[in-house]
Amino acid sequence: MKINNLISQFKSGLDKSRKELLGKLELLFNKSHNKADFIEKLEELLILSDVGVSATQEILNEFKQMDFSEYKEKDFIYFKEKLAEILINILKDNPTGINIDREKLNIIMLVGVNGSGKTSVAGKIAYLLKKENHRILMVPADTFRAAAIQQLKILSDQAGVEMINTQEGADPAAVVYDGINAAYARKKEVVIIDTAGRLHTKTNLMKELEKIIRVIKKEAKEYSLEILQVIDATMGQNVISQVSLFHKTLGVTGLVLTKMDGTAKGGIVIALKKELNIPVKFVSWGEKLSNLYYFEAPTFVQALLD
Amino acid sequence: MFDNLTSKFQIIFNKIRNRGKLSEEDIKSCLREIQIALLEADVNYRVVKEFVDDLSQQMQEEKVSESLTPSQQIIKIVNEEIVKILGSKQKDIVISPTPPTLILLVGLQGTGKTTTAVKLAYYLREKGHKLLLVATDIQRPAAIEQLKILSEKSNFPVFSLGKTEKAVNIIQGAIKYASKKDIDVLIIDTAGRLHIDDYLMNELKEIEKDISPHEKLLVVDAMAGQDALNSAKVFGDKIDLSGVILTKLDGDSRGGVALSLKKVLGVPIKFIGVGEKIDNFQVFHPERMASRILGMGDLLTLIEKAESAYNSEELKEIDKKIRAHDFDLNDFYFQLKNMKNMGSIDQIMEMVPGFGRIKNKIPLNNIVNGEKELKKFEAIISSMTVEERENPYLINGSRRKRIARGSGTQISEVNRLLKQFFKLKEILKKRPALKDISFN
């Protein structure tokens with residue numbers, strides 16, 4: 001995909017937040033009478049975007065060191081660029097997307113708290129990889145939530161990929177066992193595993209995920225494992241705790257940021273990057289299967305501020 | 001629940017606890033830390049500003065700096081302020097004098113509307129109502145099936161008209177159906193929607209106009225961030241909300257959104273969702289939540305739970321037995337069962353005052369192991385004869401071997417249980433009579 005294309009898609013998806021931020025930035029610079037006033041307004045803007053207190057303080061420190069004496073002559077684009085530069089700096093070194101190795105079994109496992117959008121993302125990743133001509137098998141390991149299997153089945157059909165069947169209440173690790181063996185039998189390249197939503201504080205449920213990973217390691221030969229944690233852009237600072245605990249238990253390899261089509265700013269990405277340094281691999285919004293994109297830090301920030 | 005906020009406040013107060021008077025500077029830094037704690041708890045920025053301003057004024061008026069016990073005074077003021085925001089009294093579901101009562105659940109995607117619908121139905125059935133769940137989410141794949149499966153498990157009827165009918169038509173159909181079946185409460189599950197989705201937001205407006213639900217409840221995820229205030233405001237502008245249900249409070253989210261919502265919507269938070277089970281659903285108590293925020297634990301909930309798990313006759317019976325020194329393994333077994341009825345150990349611990357302070361120091365494994373231990377104890381006692389339970393002194397080596405085999409445990413585990421039982425018996429002998437026990 002061409003980068004310009006991507007930018008415009010990002011922009012349309014982030015349109016709401018972009019407009020809001022732009023409007024606010026202009027307001028910020030026009031109405032700020034002095035440095036302290038400006039810093040306070042910038043603090044408000046960043047906190048309200050869920051960037052979090054400590055990341056906000058660090059960004060503010062950079063502005064505090066700047067000379068404001070001539071700022072009236074410089075137009076607000078200067079400050080905007082400065083802000084973009086700081087944000088991009090935080091988000092750099094972010095390997096995005098996923099590499100599919102046709103020689104191996106590529107296992108993608110989706111994890112996260114309840115309601116973050118795992119099943120939808122499973123469908124969207126399947127759709128994306130299907131377009132890249134990969135042979136995909138879907139594995140419904142969310143056997144807990146009522147009708148989660150049916151939901152994944154509908155999405156798999158829409159994406160035109162196969163799903164192994166199972167029943168509500170089945171042992172998720174057993175479903176994954178079947179899935180991996182079916183993937184070899186059907187000569188698939190990619191296995192996408194949808195798991196049940198669980199709060200990161202529930203030790204027993206986290207152990208269940210560890211068990212699934214043990215099964216993968218035992219059953220799969222010549223494989224690569226991508227553990228993607230799905231996070232909801234409308235969530236606040238608790239996401240830090242969510243990702244830390246999932247990461248500690250499973251070794252999360254990447255993040256998928258969902259629900260970016262509302263007015264939420266997804267500023268948590270910046271806090272996450274600063275605190276945990278786990279790459280954001282995809283951004284998702286909307287209900288269409290095609291609404292999933294590789295996360296690009298410069299594009300993300302540029303689309304937000306441009 | 002609110003753990004991090006709680007520990008933040010505790011850190012602040014510990015800092016000033018051992019000092020006599022506070023300087024202006026102390027108060028300022030105290031306020032600053034309260035502000036950061038609240039922001040980190042995802043309380044909305046503007047709400048925090050207002051809160052801290054009010055607080056600062058109160059502190060000046062009440063002359064905190066001249067007080068001899070400033071930390072107590074600050075706790076009192078902060079507590080009062082939080083209670084004030086959260087709402088001073090709890091409000092239950094309004095049941096219409098002319099049935100059926102219509103309850104509409106709305107909210108963003110993934111907040112837990114469908115799960116909440118069934119939990120609320122269960123709560124109302126316990127109060128003697130006859131319920132019907134109405135499936136109007138024709139957007140998300142398999143959403144109707146989800147509601148059907150959940151409802152079937154708990155024997156609730158579900159009304160749906162497939163995936164093409166308009167929400168208003170489905171609800172009207174449901175009302176007709178309900179009148180024939182003597183159903184007095186309808187819970188309407190709606191599709192999750194973004195507040196900027198005009199089409200779906202207008203659908204809500206239409207439902208409000210044509211159906212006039214008695215309760216219009218916004219379901220909000222306790223982990224929500226700063227934007228929750230914006231989205232809630234749009235829902236509140238579109239329809240005349242009557243309350244809020246806060247979900248997923250069983251995690252470690254600080255739940256600051258509760259403060260923001262109450263402030264911006266001005267409607268009561270009615271219930272909270274605290275787990276995956278159908279009865280993990282509680283009436284919201286502002287005072288309890290506030291004291292929880294301040295690390296005073298949630299004693300009221302704990303006492304209430306203990307009361308419902310033990311009926312008082314049984315309790316007196318045990319007390320009598322203890323007095324007469326014939327507390328046996330049957331009673332011990334009964335106690336274990338009751339403890340399980342009160343909830344999981346970590347749920348109970350959450351409510352114990354001061355636990356928030358030490359929680360991070362206890363590895364979660366200990367809690368889980370504690371629960372496993374309880375299950376094992378239950379199995380061991382189940383494998384004993386009636387005679388053995390009444391007179392544990394009978395249990396010799398060969399009996400221990402048999403019990404271990406019968407319960408699938410080790411002899412050492414049977415030994416441990418008996419040792420703990422005898423120890424407990426010793427302690428109980430020395431304990432005061434029931435009426436002397438207080439929770440202070």
# chains A, B, ... in the order shown; residues from 1 in each chain; ligands from 1
>>> closest_atom_pairs(of="chain B", to="chain A", cutoff="6 Å", atoms="only C-alpha atoms", output="Markdown table")
| residue | atom | partner | partner_atom | distance |
| --- | --- | --- | --- | --- |
| B:Asp42 | CA | A:Gly236 | CA | 5.9 |
| B:Gly110 | CA | A:Gly115 | CA | 3.7 |
| B:Pro141 | CA | A:Gln151 | CA | 5.2 |
| B:Ala142 | CA | A:Gln151 | CA | 4.9 |
| B:Glu145 | CA | A:Ala147 | CA | 5.7 |
| B:Gln146 | CA | A:Ala147 | CA | 4.6 |
| B:Ile149 | CA | A:Ala146 | CA | 5.9 |
| B:Met223 | CA | A:Met235 | CA | 5.7 |
| B:Ala224 | CA | A:Met235 | CA | 4.1 |
| B:Gly225 | CA | A:Gly236 | CA | 3.4 |
| B:Gln226 | CA | A:Leu48 | CA | 5.4 |
| B:Asp227 | CA | A:Ala264 | CA | 5.3 |
| B:Gly251 | CA | A:Thr201 | CA | 5.8 |
| B:Ser253 | CA | A:Asn238 | CA | 5.3 |
>>> write_last_selection(atoms="all heavy atoms", output="compact mmCIF listing (two decimals), in the first residue's frame")
# COMPACT_ATOMS: atom_id res chain seq x y z
N ASP B 42 -8.19 8.44 35.85
CA ASP B 42 -9.06 8.73 34.71
C ASP B 42 -10.27 9.58 35.04
O ASP B 42 -11.26 9.57 34.31
CB ASP B 42 -9.53 7.44 34.01
CG ASP B 42 -8.40 6.73 33.30
OD1 ASP B 42 -7.61 7.41 32.64
OD2 ASP B 42 -8.32 5.49 33.39
N GLY B 110 -18.97 -2.78 23.38
CA GLY B 110 -18.05 -3.49 24.26
C GLY B 110 -18.08 -3.06 25.73
O GLY B 110 -17.18 -3.37 26.49
N PRO B 141 -22.67 -9.01 14.53
CA PRO B 141 -22.95 -10.40 14.20
C PRO B 141 -23.13 -11.23 15.47
O PRO B 141 -22.36 -11.12 16.41
CB PRO B 141 -21.69 -10.86 13.44
CG PRO B 141 -21.03 -9.62 12.97
CD PRO B 141 -21.41 -8.54 13.93
N ALA B 142 -24.18 -12.04 15.49
CA ALA B 142 -24.46 -12.99 16.57
C ALA B 142 -24.83 -12.35 17.91
O ALA B 142 -24.85 -13.02 18.94
CB ALA B 142 -23.32 -13.98 16.76
N GLU B 145 -28.05 -13.94 19.20
CA GLU B 145 -27.75 -15.28 19.72
C GLU B 145 -27.13 -15.19 21.10
O GLU B 145 -27.45 -15.97 21.99
CB GLU B 145 -26.79 -16.03 18.79
CG GLU B 145 -27.41 -16.58 17.51
CD GLU B 145 -27.53 -15.52 16.43
OE1 GLU B 145 -27.25 -14.33 16.70
OE2 GLU B 145 -27.91 -15.87 15.29
N GLN B 146 -26.23 -14.21 21.28
CA GLN B 146 -25.58 -14.06 22.58
C GLN B 146 -26.62 -13.84 23.69
O GLN B 146 -26.58 -14.49 24.73
CB GLN B 146 -24.58 -12.89 22.55
CG GLN B 146 -23.76 -12.78 23.84
CD GLN B 146 -22.90 -11.52 23.90
OE1 GLN B 146 -22.80 -10.77 22.93
NE2 GLN B 146 -22.29 -11.30 25.03
N ILE B 149 -28.64 -17.11 24.25
CA ILE B 149 -27.94 -18.17 24.99
C ILE B 149 -27.83 -17.81 26.47
O ILE B 149 -28.14 -18.61 27.34
CB ILE B 149 -26.53 -18.41 24.39
CG1 ILE B 149 -26.67 -18.95 22.96
CG2 ILE B 149 -25.73 -19.37 25.25
CD1 ILE B 149 -25.36 -18.96 22.18
N MET B 223 -13.27 1.09 33.05
CA MET B 223 -11.89 1.36 32.64
C MET B 223 -11.80 2.54 31.68
O MET B 223 -10.73 2.88 31.20
CB MET B 223 -11.30 0.11 31.98
CG MET B 223 -11.28 -1.09 32.90
SD MET B 223 -10.60 -2.59 32.15
CE MET B 223 -11.97 -3.18 31.18
N ALA B 224 -12.94 3.16 31.38
CA ALA B 224 -12.99 4.21 30.36
C ALA B 224 -12.08 5.39 30.67
O ALA B 224 -11.83 5.70 31.83
CB ALA B 224 -14.43 4.70 30.21
N GLY B 225 -11.60 6.02 29.63
CA GLY B 225 -10.68 7.15 29.77
C GLY B 225 -11.37 8.50 29.74
O GLY B 225 -12.57 8.61 30.01
N GLN B 226 -10.59 9.52 29.41
CA GLN B 226 -11.06 10.90 29.44
C GLN B 226 -12.27 11.15 28.54
O GLN B 226 -13.13 11.96 28.84
CB GLN B 226 -9.93 11.84 29.03
CG GLN B 226 -8.74 11.84 29.99
CD GLN B 226 -9.02 12.62 31.25
OE1 GLN B 226 -9.76 13.60 31.24
NE2 GLN B 226 -8.45 12.18 32.35
N ASP B 227 -12.32 10.43 27.41
CA ASP B 227 -13.37 10.69 26.43
C ASP B 227 -14.76 10.26 26.92
O ASP B 227 -15.77 10.65 26.34
CB ASP B 227 -13.02 10.00 25.11
CG ASP B 227 -13.85 10.54 23.95
OD1 ASP B 227 -13.85 11.77 23.77
OD2 ASP B 227 -14.50 9.75 23.25
N GLY B 251 -11.93 -5.54 37.92
CA GLY B 251 -10.52 -5.42 37.56
C GLY B 251 -9.82 -4.47 38.50
O GLY B 251 -10.33 -4.17 39.59
N SER B 253 -9.10 -1.34 37.64
CA SER B 253 -9.26 0.02 37.15
C SER B 253 -9.62 0.93 38.32
O SER B 253 -10.27 0.50 39.26
CB SER B 253 -10.34 0.09 36.09
OG SER B 253 -11.60 -0.02 36.69
>>> residues_around(residues="region 160-169 of chain B", least_positions_apart="5", cutoff="6 Å", atoms="only C-alpha atoms", output="list of chain:residue names")
B:Ala135, B:Thr136, B:Ile138, B:Ile207
>>> write_last_selection(atoms="N, CA, C and O atoms", output="JSON list (two decimals), in the first residue's frame")
[["chain", "number", "residue", "atom", "x", "y", "z"],
["B", 135, "ALA", "N", -34.26, -8.31, 22.28],
["B", 135, "ALA", "CA", -33.02, -8.21, 21.50],
["B", 135, "ALA", "C", -33.22, -7.27, 20.31],
["B", 135, "ALA", "O", -33.94, -7.59, 19.38],
["B", 136, "THR", "N", -32.60, -6.10, 20.37],
["B", 136, "THR", "CA", -32.74, -5.17, 19.24],
["B", 136, "THR", "C", -31.40, -4.90, 18.56],
["B", 136, "THR", "O", -31.32, -4.04, 17.69],
["B", 138, "ILE", "N", -29.30, -5.52, 15.98],
["B", 138, "ILE", "CA", -29.21, -6.21, 14.68],
["B", 138, "ILE", "C", -27.91, -5.83, 13.97],
["B", 138, "ILE", "O", -27.68, -6.21, 12.84],
["B", 207, "ILE", "N", -36.74, 5.58, 19.70],
["B", 207, "ILE", "CA", -37.23, 4.65, 20.72],
["B", 207, "ILE", "C", -37.79, 5.44, 21.90],
["B", 207, "ILE", "O", -38.88, 5.16, 22.39]]
>>> residues_around(residues="region 180-188 of chain A", least_positions_apart="3", cutoff="9 Å", atoms="only C-alpha atoms", output="ChimeraX atom specification")
/A:105-107,134-137,139,164,175-177,191,216,219-220
>>> residues_around(residues="Asn133 (chain A)", least_positions_apart="3", cutoff="12 Å", atoms="only C-alpha atoms", output="MDAnalysis selection string")
chainID A and resid 100 102 126:130 136 160:161 188:190
>>> write_last_selection(atoms="N, CA, C and O atoms", output="PDB file, in the first residue's frame")
ATOM      1  N   ILE A 100       4.594 -12.495   7.411  1.00  0.00           N
ATOM      2  CA  ILE A 100       4.138 -13.868   7.244  1.00  0.00           C
ATOM      3  C   ILE A 100       5.221 -14.634   6.492  1.00  0.00           C
ATOM      4  O   ILE A 100       5.648 -14.241   5.407  1.00  0.00           O
ATOM      5  N   ARG A 102       6.032 -17.895   4.593  1.00  0.00           N
ATOM      6  CA  ARG A 102       5.279 -18.981   3.961  1.00  0.00           C
ATOM      7  C   ARG A 102       5.857 -20.364   4.257  1.00  0.00           C
ATOM      8  O   ARG A 102       5.223 -21.377   4.001  1.00  0.00           O
ATOM      9  N   ALA A 126      -7.917 -11.451   9.232  1.00  0.00           N
ATOM     10  CA  ALA A 126      -8.146 -12.516   8.250  1.00  0.00           C
ATOM     11  C   ALA A 126      -8.397 -11.907   6.877  1.00  0.00           C
ATOM     12  O   ALA A 126      -7.829 -12.336   5.867  1.00  0.00           O
ATOM     13  N   TYR A 127      -9.218 -10.879   6.852  1.00  0.00           N
ATOM     14  CA  TYR A 127      -9.563 -10.210   5.589  1.00  0.00           C
ATOM     15  C   TYR A 127      -8.310  -9.612   4.937  1.00  0.00           C
ATOM     16  O   TYR A 127      -8.074  -9.760   3.742  1.00  0.00           O
ATOM     17  N   LEU A 128      -7.493  -8.958   5.757  1.00  0.00           N
ATOM     18  CA  LEU A 128      -6.270  -8.313   5.262  1.00  0.00           C
ATOM     19  C   LEU A 128      -5.296  -9.345   4.688  1.00  0.00           C
ATOM     20  O   LEU A 128      -4.747  -9.179   3.589  1.00  0.00           O
ATOM     21  N   LEU A 129      -5.081 -10.432   5.427  1.00  0.00           N
ATOM     22  CA  LEU A 129      -4.114 -11.443   4.994  1.00  0.00           C
ATOM     23  C   LEU A 129      -4.650 -12.267   3.821  1.00  0.00           C
ATOM     24  O   LEU A 129      -3.894 -12.737   2.985  1.00  0.00           O
ATOM     25  N   LYS A 130      -5.948 -12.425   3.793  1.00  0.00           N
ATOM     26  CA  LYS A 130      -6.573 -13.132   2.672  1.00  0.00           C
ATOM     27  C   LYS A 130      -6.317 -12.351   1.376  1.00  0.00           C
ATOM     28  O   LYS A 130      -6.035 -12.923   0.324  1.00  0.00           O
ATOM     29  N   ILE A 136      -5.588 -19.225   5.275  1.00  0.00           N
ATOM     30  CA  ILE A 136      -5.860 -18.896   6.679  1.00  0.00           C
ATOM     31  C   ILE A 136      -6.846 -19.865   7.316  1.00  0.00           C
ATOM     32  O   ILE A 136      -7.813 -20.285   6.681  1.00  0.00           O
ATOM     33  N   GLY A 160     -14.176 -14.812   3.808  1.00  0.00           N
ATOM     34  CA  GLY A 160     -13.906 -15.895   2.881  1.00  0.00           C
ATOM     35  C   GLY A 160     -12.790 -16.830   3.354  1.00  0.00           C
ATOM     36  O   GLY A 160     -11.992 -17.316   2.563  1.00  0.00           O
ATOM     37  N   VAL A 161     -12.737 -17.071   4.681  1.00  0.00           N
ATOM     38  CA  VAL A 161     -11.721 -17.987   5.197  1.00  0.00           C
ATOM     39  C   VAL A 161     -12.406 -19.102   5.998  1.00  0.00           C
ATOM     40  O   VAL A 161     -13.544 -18.960   6.429  1.00  0.00           O
ATOM     41  N   LYS A 188      -2.427 -24.940   5.801  1.00  0.00           N
ATOM     42  CA  LYS A 188      -2.627 -23.498   5.981  1.00  0.00           C
ATOM     43  C   LYS A 188      -1.303 -22.829   6.351  1.00  0.00           C
ATOM     44  O   LYS A 188      -0.398 -23.471   6.906  1.00  0.00           O
ATOM     45  N   GLU A 189      -1.228 -21.526   6.080  1.00  0.00           N
ATOM     46  CA  GLU A 189      -0.024 -20.757   6.451  1.00  0.00           C
ATOM     47  C   GLU A 189      -0.249 -19.937   7.720  1.00  0.00           C
ATOM     48  O   GLU A 189       0.690 -19.630   8.443  1.00  0.00           O
ATOM     49  N   VAL A 190      -1.502 -19.551   7.902  1.00  0.00           N
ATOM     50  CA  VAL A 190      -1.800 -18.652   9.012  1.00  0.00           C
ATOM     51  C   VAL A 190      -2.929 -19.225   9.871  1.00  0.00           C
ATOM     52  O   VAL A 190      -3.942 -19.678   9.344  1.00  0.00           O
TER      53      VAL A 190
END
>>> closest_residue(among="B:Leu374, B:Leu38, B:Val185, B:Val118", to="Gln335 (chain B)", atoms="only C-alpha atoms")
B:Leu374
>>> select_by_dssp(residues="region 144-219 of chain B", states="strand (DSSP E or B)", output="PyMOL selection string")
chain B and resi 158-159+185-189+215-219
>>> write_last_selection(atoms="N, CA and C atoms", output="PDB file, in the first residue's frame")
ATOM      1  N   VAL B 158     -36.710 -14.577  25.671  1.00  0.00           N
ATOM      2  CA  VAL B 158     -36.149 -13.492  24.856  1.00  0.00           C
ATOM      3  C   VAL B 158     -37.089 -13.219  23.699  1.00  0.00           C
ATOM      4  N   PHE B 159     -37.318 -11.949  23.413  1.00  0.00           N
ATOM      5  CA  PHE B 159     -38.129 -11.592  22.267  1.00  0.00           C
ATOM      6  C   PHE B 159     -37.227 -10.993  21.190  1.00  0.00           C
ATOM      7  N   VAL B 185     -41.854  -6.704  33.558  1.00  0.00           N
ATOM      8  CA  VAL B 185     -40.675  -5.877  33.273  1.00  0.00           C
ATOM      9  C   VAL B 185     -39.996  -6.324  31.977  1.00  0.00           C
ATOM     10  N   LEU B 186     -39.724  -5.372  31.096  1.00  0.00           N
ATOM     11  CA  LEU B 186     -39.003  -5.654  29.857  1.00  0.00           C
ATOM     12  C   LEU B 186     -37.636  -4.987  29.906  1.00  0.00           C
ATOM     13  N   ILE B 187     -36.592  -5.757  29.615  1.00  0.00           N
ATOM     14  CA  ILE B 187     -35.261  -5.167  29.530  1.00  0.00           C
ATOM     15  C   ILE B 187     -34.832  -5.169  28.070  1.00  0.00           C
ATOM     16  N   ILE B 188     -34.579  -3.989  27.547  1.00  0.00           N
ATOM     17  CA  ILE B 188     -34.280  -3.854  26.116  1.00  0.00           C
ATOM     18  C   ILE B 188     -32.787  -3.660  25.902  1.00  0.00           C
ATOM     19  N   ASP B 189     -32.169  -4.652  25.249  1.00  0.00           N
ATOM     20  CA  ASP B 189     -30.735  -4.590  24.926  1.00  0.00           C
ATOM     21  C   ASP B 189     -30.604  -3.923  23.549  1.00  0.00           C
ATOM     22  N   GLU B 215     -37.024   3.509  32.382  1.00  0.00           N
ATOM     23  CA  GLU B 215     -35.620   3.671  32.766  1.00  0.00           C
ATOM     24  C   GLU B 215     -34.781   3.688  31.501  1.00  0.00           C
ATOM     25  N   LYS B 216     -33.883   4.673  31.398  1.00  0.00           N
ATOM     26  CA  LYS B 216     -32.942   4.722  30.282  1.00  0.00           C
ATOM     27  C   LYS B 216     -31.544   4.745  30.884  1.00  0.00           C
ATOM     28  N   LEU B 217     -30.901   3.583  30.867  1.00  0.00           N
ATOM     29  CA  LEU B 217     -29.645   3.434  31.596  1.00  0.00           C
ATOM     30  C   LEU B 217     -28.451   3.368  30.642  1.00  0.00           C
ATOM     31  N   LEU B 218     -27.457   4.172  30.948  1.00  0.00           N
ATOM     32  CA  LEU B 218     -26.219   4.167  30.166  1.00  0.00           C
ATOM     33  C   LEU B 218     -25.247   3.170  30.805  1.00  0.00           C
ATOM     34  N   VAL B 219     -24.779   2.218  29.994  1.00  0.00           N
ATOM     35  CA  VAL B 219     -23.830   1.218  30.499  1.00  0.00           C
ATOM     36  C   VAL B 219     -22.415   1.690  30.155  1.00  0.00           C
TER      37      VAL B 219
END
>>> atom_distance(atom1="CA of Ser224 (chain A)", atom2="CA of Tyr293 (chain A)")
21.2 Å
>>> decode(residues="region 222-236 of chain A", atoms="N, CA, C and O atoms", output="tab-separated table (two decimals), in the first residue's frame")
chain	number	residue	atom	x	y	z
A	222	GLU	N	8.07	-25.68	13.47
A	222	GLU	CA	8.40	-24.63	12.49
A	222	GLU	C	7.30	-23.58	12.44
A	222	GLU	O	6.57	-23.47	11.47
A	223	TYR	N	7.20	-22.82	13.50
A	223	TYR	CA	6.12	-21.84	13.54
A	223	TYR	C	6.65	-20.49	14.02
A	223	TYR	O	7.75	-20.40	14.57
A	224	SER	N	5.87	-19.44	13.78
A	224	SER	CA	6.14	-18.17	14.44
A	224	SER	C	4.88	-17.77	15.18
A	224	SER	O	3.77	-18.00	14.69
A	225	LEU	N	5.07	-17.22	16.37
A	225	LEU	CA	3.90	-16.90	17.20
A	225	LEU	C	3.83	-15.39	17.44
A	225	LEU	O	4.78	-14.79	17.92
A	226	GLU	N	2.71	-14.83	17.07
A	226	GLU	CA	2.47	-13.40	17.27
A	226	GLU	C	1.34	-13.28	18.29
A	226	GLU	O	0.23	-13.75	18.03
A	227	ILE	N	1.63	-12.71	19.45
A	227	ILE	CA	0.57	-12.52	20.44
A	227	ILE	C	0.18	-11.05	20.44
A	227	ILE	O	0.93	-10.19	20.88
A	228	LEU	N	-0.98	-10.78	19.89
A	228	LEU	CA	-1.43	-9.39	19.76
A	228	LEU	C	-2.46	-9.06	20.84
A	228	LEU	O	-3.46	-9.76	20.98
A	229	GLN	N	-2.20	-8.01	21.58
A	229	GLN	CA	-3.20	-7.58	22.57
A	229	GLN	C	-4.05	-6.47	21.98
A	229	GLN	O	-3.53	-5.48	21.46
A	230	VAL	N	-5.37	-6.67	22.05
A	230	VAL	CA	-6.30	-5.70	21.48
A	230	VAL	C	-6.68	-4.70	22.57
A	230	VAL	O	-7.12	-5.09	23.65
A	231	ILE	N	-6.47	-3.42	22.28
A	231	ILE	CA	-6.83	-2.41	23.27
A	231	ILE	C	-7.78	-1.37	22.68
A	231	ILE	O	-7.67	-0.98	21.53
A	232	ASP	N	-8.72	-0.97	23.50
A	232	ASP	CA	-9.80	-0.07	23.11
A	232	ASP	C	-9.32	1.37	23.30
A	232	ASP	O	-8.92	1.76	24.40
A	233	ALA	N	-9.37	2.17	22.23
A	233	ALA	CA	-8.85	3.54	22.29
A	233	ALA	C	-9.63	4.43	23.25
A	233	ALA	O	-9.13	5.48	23.65
A	234	THR	N	-10.83	4.00	23.63
A	234	THR	CA	-11.60	4.85	24.54
A	234	THR	C	-11.24	4.60	26.01
A	234	THR	O	-11.73	5.27	26.89
A	235	MET	N	-10.38	3.61	26.24
A	235	MET	CA	-10.02	3.30	27.62
A	235	MET	C	-8.93	4.24	28.14
A	235	MET	O	-8.18	4.81	27.37
A	236	GLY	N	-8.85	4.32	29.45
A	236	GLY	CA	-7.90	5.26	30.04
A	236	GLY	C	-6.63	4.60	30.53
A	236	GLY	O	-6.15	3.64	29.94
